[in-house]
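File shown: structure.json (JSON, C-alpha atoms).
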```json
[["chain", "number", "residue", "atom", "x", "y", "z"],
["A", 1, "MET", "CA", 0.00, 0.00, 0.00],
["A", 2, "ARG", "CA", 1.20, 3.49, -0.71],
["A", 3, "ASN", "CA", 2.43, 5.15, 2.47],
["A", 4, "LYS", "CA", 0.69, 8.38, 1.53],
["A", 5, "LYS", "CA", -2.73, 6.66, 1.34],
["A", 6, "LEU", "CA", -2.06, 4.83, 4.60],
["A", 7, "MET", "CA", -0.97, 7.95, 6.44],
["A", 8, "GLU", "CA", -3.94, 9.94, 5.13],
["A", 9, "LYS", "CA", -6.22, 7.29, 6.69],
["A", 10, "VAL", "CA", -4.27, 7.23, 9.97],
["A", 11, "ILE", "CA", -4.21, 11.03, 10.23],
["A", 12, "ASP", "CA", -7.92, 11.20, 9.39],
["A", 13, "LEU", "CA", -8.74, 8.75, 12.17],
["A", 14, "ASP", "CA", -6.29, 10.38, 14.56],
["A", 15, "THR", "CA", -7.70, 13.88, 14.11],
["A", 16, "GLN", "CA", -11.43, 13.15, 14.13],
["A", 17, "VAL", "CA", -13.52, 15.09, 16.60],
["A", 18, "LEU", "CA", -15.03, 12.33, 18.72],
["A", 19, "GLN", "CA", -18.56, 13.27, 19.69],
["A", 20, "THR", "CA", -19.92, 9.94, 20.92],
["A", 21, "ARG", "CA", -18.64, 6.94, 22.80],
["A", 22, "GLU", "CA", -19.49, 4.75, 19.83],
["A", 23, "GLN", "CA", -17.44, 6.92, 17.49],
["A", 24, "SER", "CA", -14.54, 6.81, 19.95],
["A", 25, "VAL", "CA", -14.62, 3.01, 20.07],
["A", 26, "ARG", "CA", -14.78, 2.78, 16.26],
["A", 27, "VAL", "CA", -11.80, 5.08, 15.80],
["A", 28, "MET", "CA", -9.74, 3.38, 18.52],
["A", 29, "ILE", "CA", -10.26, -0.08, 17.07],
["A", 30, "GLN", "CA", -9.66, 0.95, 13.48],
["A", 31, "ILE", "CA", -6.56, 3.04, 14.13],
["A", 32, "ALA", "CA", -5.09, 0.35, 16.36],
["A", 33, "ILE", "CA", -5.27, -2.45, 13.81],
["A", 34, "ILE", "CA", -4.20, -0.28, 10.88],
["A", 35, "LYS", "CA", -1.19, 1.15, 12.74],
["A", 36, "LYS", "CA", -0.21, -2.25, 14.09],
["A", 37, "ALA", "CA", -0.58, -3.95, 10.70],
["A", 38, "PHE", "CA", 1.83, -1.50, 9.06],
["A", 39, "GLY", "CA", 4.06, -0.66, 12.03],
["A", 40, "VAL", "CA", 3.07, 3.01, 12.06],
["A", 41, "LYS", "CA", 4.68, 4.85, 14.97],
["A", 42, "ASN", "CA", 2.84, 7.58, 16.87],
["A", 43, "ASP", "CA", 5.28, 10.30, 15.86],
["A", 44, "GLU", "CA", 4.86, 9.60, 12.14],
["A", 45, "THR", "CA", 1.62, 11.59, 12.04],
["A", 46, "ASN", "CA", 3.50, 14.75, 13.00],
["A", 47, "LYS", "CA", 6.04, 14.52, 10.19],
["A", 48, "PRO", "CA", 5.76, 15.21, 6.47],
["A", 49, "VAL", "CA", 4.43, 12.14, 4.69],
["A", 50, "ARG", "CA", 6.76, 10.44, 2.25],
["A", 51, "ASP", "CA", 5.26, 8.40, -0.55],
["A", 52, "TYR", "CA", 6.61, 4.87, -0.98],
["A", 53, "GLU", "CA", 5.26, 1.34, -0.95],
["A", 54, "ARG", "CA", 4.67, 0.25, 2.64],
["A", 55, "GLU", "CA", 4.30, -3.42, 3.44],
["A", 56, "VAL", "CA", 2.03, -5.02, 6.01],
["A", 57, "ILE", "CA", 4.19, -6.32, 8.85],
["A", 58, "LEU", "CA", 1.53, -8.51, 10.48],
["A", 59, "SER", "CA", 0.87, -11.85, 8.85],
["A", 60, "ASP", "CA", -2.67, -12.85, 7.94],
["A", 61, "ASP", "CA", -2.49, -15.41, 10.75],
["A", 62, "GLU", "CA", -1.59, -12.73, 13.31],
["A", 63, "ILE", "CA", -4.51, -10.62, 12.14],
["A", 64, "ARG", "CA", -6.77, -13.71, 12.29],
["A", 65, "ARG", "CA", -5.70, -14.31, 15.90],
["A", 66, "GLN", "CA", -6.65, -10.74, 16.81],
["A", 67, "PHE", "CA", -9.97, -11.13, 15.03],
["A", 68, "ASN", "CA", -10.64, -14.44, 16.81],
["A", 69, "SER", "CA", -9.96, -12.70, 20.14],
["A", 70, "GLU", "CA", -12.64, -10.14, 19.29],
["A", 71, "LEU", "CA", -15.04, -12.99, 18.44],
["A", 72, "GLU", "CA", -14.25, -14.74, 21.73],
["A", 73, "PHE", "CA", -15.18, -11.59, 23.67],
["A", 74, "LEU", "CA", -18.42, -11.39, 21.70],
["A", 75, "ASN", "CA", -19.21, -15.05, 22.38],
["A", 76, "ARG", "CA", -18.65, -14.57, 26.13],
["A", 77, "VAL", "CA", -20.98, -11.58, 26.13],
["A", 78, "ASN", "CA", -23.58, -13.54, 24.11],
["A", 79, "GLU", "CA", -23.68, -16.16, 26.87],
["A", 80, "LYS", "CA", -24.70, -13.52, 29.42],
["A", 81, "ASN", "CA", -27.66, -12.29, 27.32],
["A", 82, "ASP", "CA", -26.79, -8.65, 27.99],
["A", 83, "PHE", "CA", -28.22, -7.15, 24.81],
["A", 84, "GLU", "CA", -26.54, -3.77, 25.23],
["A", 85, "LYS", "CA", -23.11, -5.41, 25.62],
["A", 86, "ILE", "CA", -23.85, -7.81, 22.75],
["A", 87, "ARG", "CA", -24.54, -4.85, 20.45],
["A", 88, "GLU", "CA", -21.41, -3.08, 21.65],
["A", 89, "PHE", "CA", -19.13, -6.07, 21.10],
["A", 90, "LYS", "CA", -20.75, -6.94, 17.77],
["A", 91, "ASN", "CA", -20.01, -3.39, 16.63],
["A", 92, "ARG", "CA", -16.39, -3.80, 17.76],
["A", 93, "VAL", "CA", -16.07, -6.85, 15.52],
["A", 94, "TYR", "CA", -17.52, -4.96, 12.55],
["A", 95, "TYR", "CA", -15.18, -2.01, 13.15],
["A", 96, "PHE", "CA", -12.25, -4.42, 13.14],
["A", 97, "VAL", "CA", -13.42, -5.91, 9.82],
["A", 98, "ASP", "CA", -13.83, -2.42, 8.32],
["A", 99, "ALA", "CA", -10.26, -1.56, 9.30],
["A", 100, "VAL", "CA", -8.90, -4.77, 7.77],
["A", 101, "ARG", "CA", -10.93, -4.09, 4.61],
["A", 102, "PHE", "CA", -8.92, -0.89, 4.18],
["A", 103, "PHE", "CA", -5.78, -2.91, 3.42],
["A", 104, "ASN", "CA", -6.87, -6.54, 2.81],
["A", 105, "THR", "CA", -10.31, -7.12, 1.28],
["A", 106, "THR", "CA", -9.84, -10.89, 0.99],
["A", 107, "LEU", "CA", -9.19, -11.25, 4.70],
["A", 108, "ALA", "CA", -12.06, -8.89, 5.56],
["A", 109, "ASP", "CA", -14.42, -11.00, 3.43],
["A", 110, "GLU", "CA", -13.25, -14.11, 5.29],
["A", 111, "PHE", "CA", -13.99, -12.41, 8.61],
["A", 112, "GLU", "CA", -17.45, -11.31, 7.49],
["A", 113, "LYS", "CA", -18.31, -14.91, 6.65],
["A", 114, "LYS", "CA", -17.23, -15.95, 10.14],
["A", 115, "ILE", "CA", -19.37, -13.25, 11.71],
["A", 116, "SER", "CA", -22.48, -14.37, 9.90],
["A", 117, "VAL", "CA", -21.91, -17.93, 11.10],
["A", 118, "LYS", "CA", -20.92, -17.15, 14.70],
["A", 119, "THR", "CA", -23.28, -14.36, 15.73],
["A", 120, "PRO", "CA", -27.05, -14.53, 16.08]]
```

Encoding of this model in structure tokens:
Amino acid sequence: MRNKKLMEKVIDLDTQVLQTREQSVRVMIQIAIIKKAFGVKNDETNKPVRDYEREVILSDDEIRRQFNSELEFLNRVNEKNDFEKIREFKNRVYYFVDAVRFFNTTLADEFEKKISVKTP
């Protein structure tokens, strides 16, 4: 992925005015996985952006493990029948998938299939 496109996304997420708790959670989850996947350091958003090809440093398996952790949290919440928490954790899973879709549509599609099977 072009570093310029990546950094535009990171800076956009990083500078959003967060007006709701839900928006805050969405931004936190998305920026975390995107920065971790590409090894973006916090201070990079304060520097001029160079344009070059930037590789994903997390393997698909590492990203899958993180996704599966999100699903495990959702499954634990489902067992408690707390509908407010279920909605919150289901949204977290979808935010994660949206972030992955930014840089790996094949993996995001795989995750969406898992969601439809695992969640009610």

### Query
With only C-alpha atoms as the atoms that count, which of A:Lys80, A:Met7, A:Ala37, A:Met28 lies nearest to Asp61 (chain A)?
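Ranking A:Lys80, A:Met7, A:Ala37, A:Met28 by distance to Asp61 (chain A), first place goes to A:Ala37.
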
#### Entry: Selected residue of minimal separation from Asn91 (chain A) among A:Lys114, A:Arg26, A:Arg54, A:Arg76, counting all atoms listed in the file
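With all atoms listed in the file as the atom set, the closest residue is A:Arg26.
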
### Counting only C-alpha atoms, the residue of A:Phe96, A:Ala32, A:Asp12, A:Glu112 that sits nearest Glu70 (chain A)
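Nearest candidate to Glu70 (chain A) out of A:Phe96, A:Ala32, A:Asp12, A:Glu112: A:Phe96.
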
### Message
My list of candidates is A:Gln16, A:Arg87, A:Ile34, A:Asn68. Which is closest to Glu55 (chain A) when distances are computed with only C-alpha atoms?
### Response
A:Ile34

### Query
Contacts of Arg64 (chain A) at 10 Å or less, counting only C-alpha atoms, minus same-chain residues fewer than 5 places along, as a PyMOL selection string?
chain A and resi 58-59+69-70+107-108+110-111

### Summary
Between CA of Phe73 (chain A) and CA of Ile86 (chain A) lies a distance of 9.5 Å

### Among listed residues A:Val25, A:Ile11, A:Val56, A:Val77, nearest Tyr94 (chain A) (using all atoms listed in the file)
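Looking only at the distances to Tyr94 (chain A), the closest residue turns out to be A:Val25.
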
### Query
Of the residues A:Leu74, A:Leu6, A:Ile115, A:Val27, which is the one nearest to Asp51 (chain A), using all atoms listed in the file?
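The shortest atom-to-atom distance to Asp51 (chain A) comes from A:Leu6.
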
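The space between CA of Asp43 (chain A) and CA of Ile29 (chain A) spans 18.7 Å.
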
### Task
Please work out which residues fall within 10 Å of (-7.1, -2.9, 12.6), coordinates as given in the file, with all atoms listed in the file counting, and return them as a count of residues only.
24

Give me the box for region 58-69 of chain A as AutoDock Vina command-line options, namely the centre and edge lengths in Å to one decimal of a box along x, y and z that holds every listed atom plus 3 Å on each side.
```
--center_x -4.6 --center_y -12.0 --center_z 14.0 --size_x 18.2 --size_y 12.9 --size_z 18.2
```

### Query
CA of Ser24 (chain A) to CA of Thr106 (chain A): how many Å, to one decimal?
26.4 Å
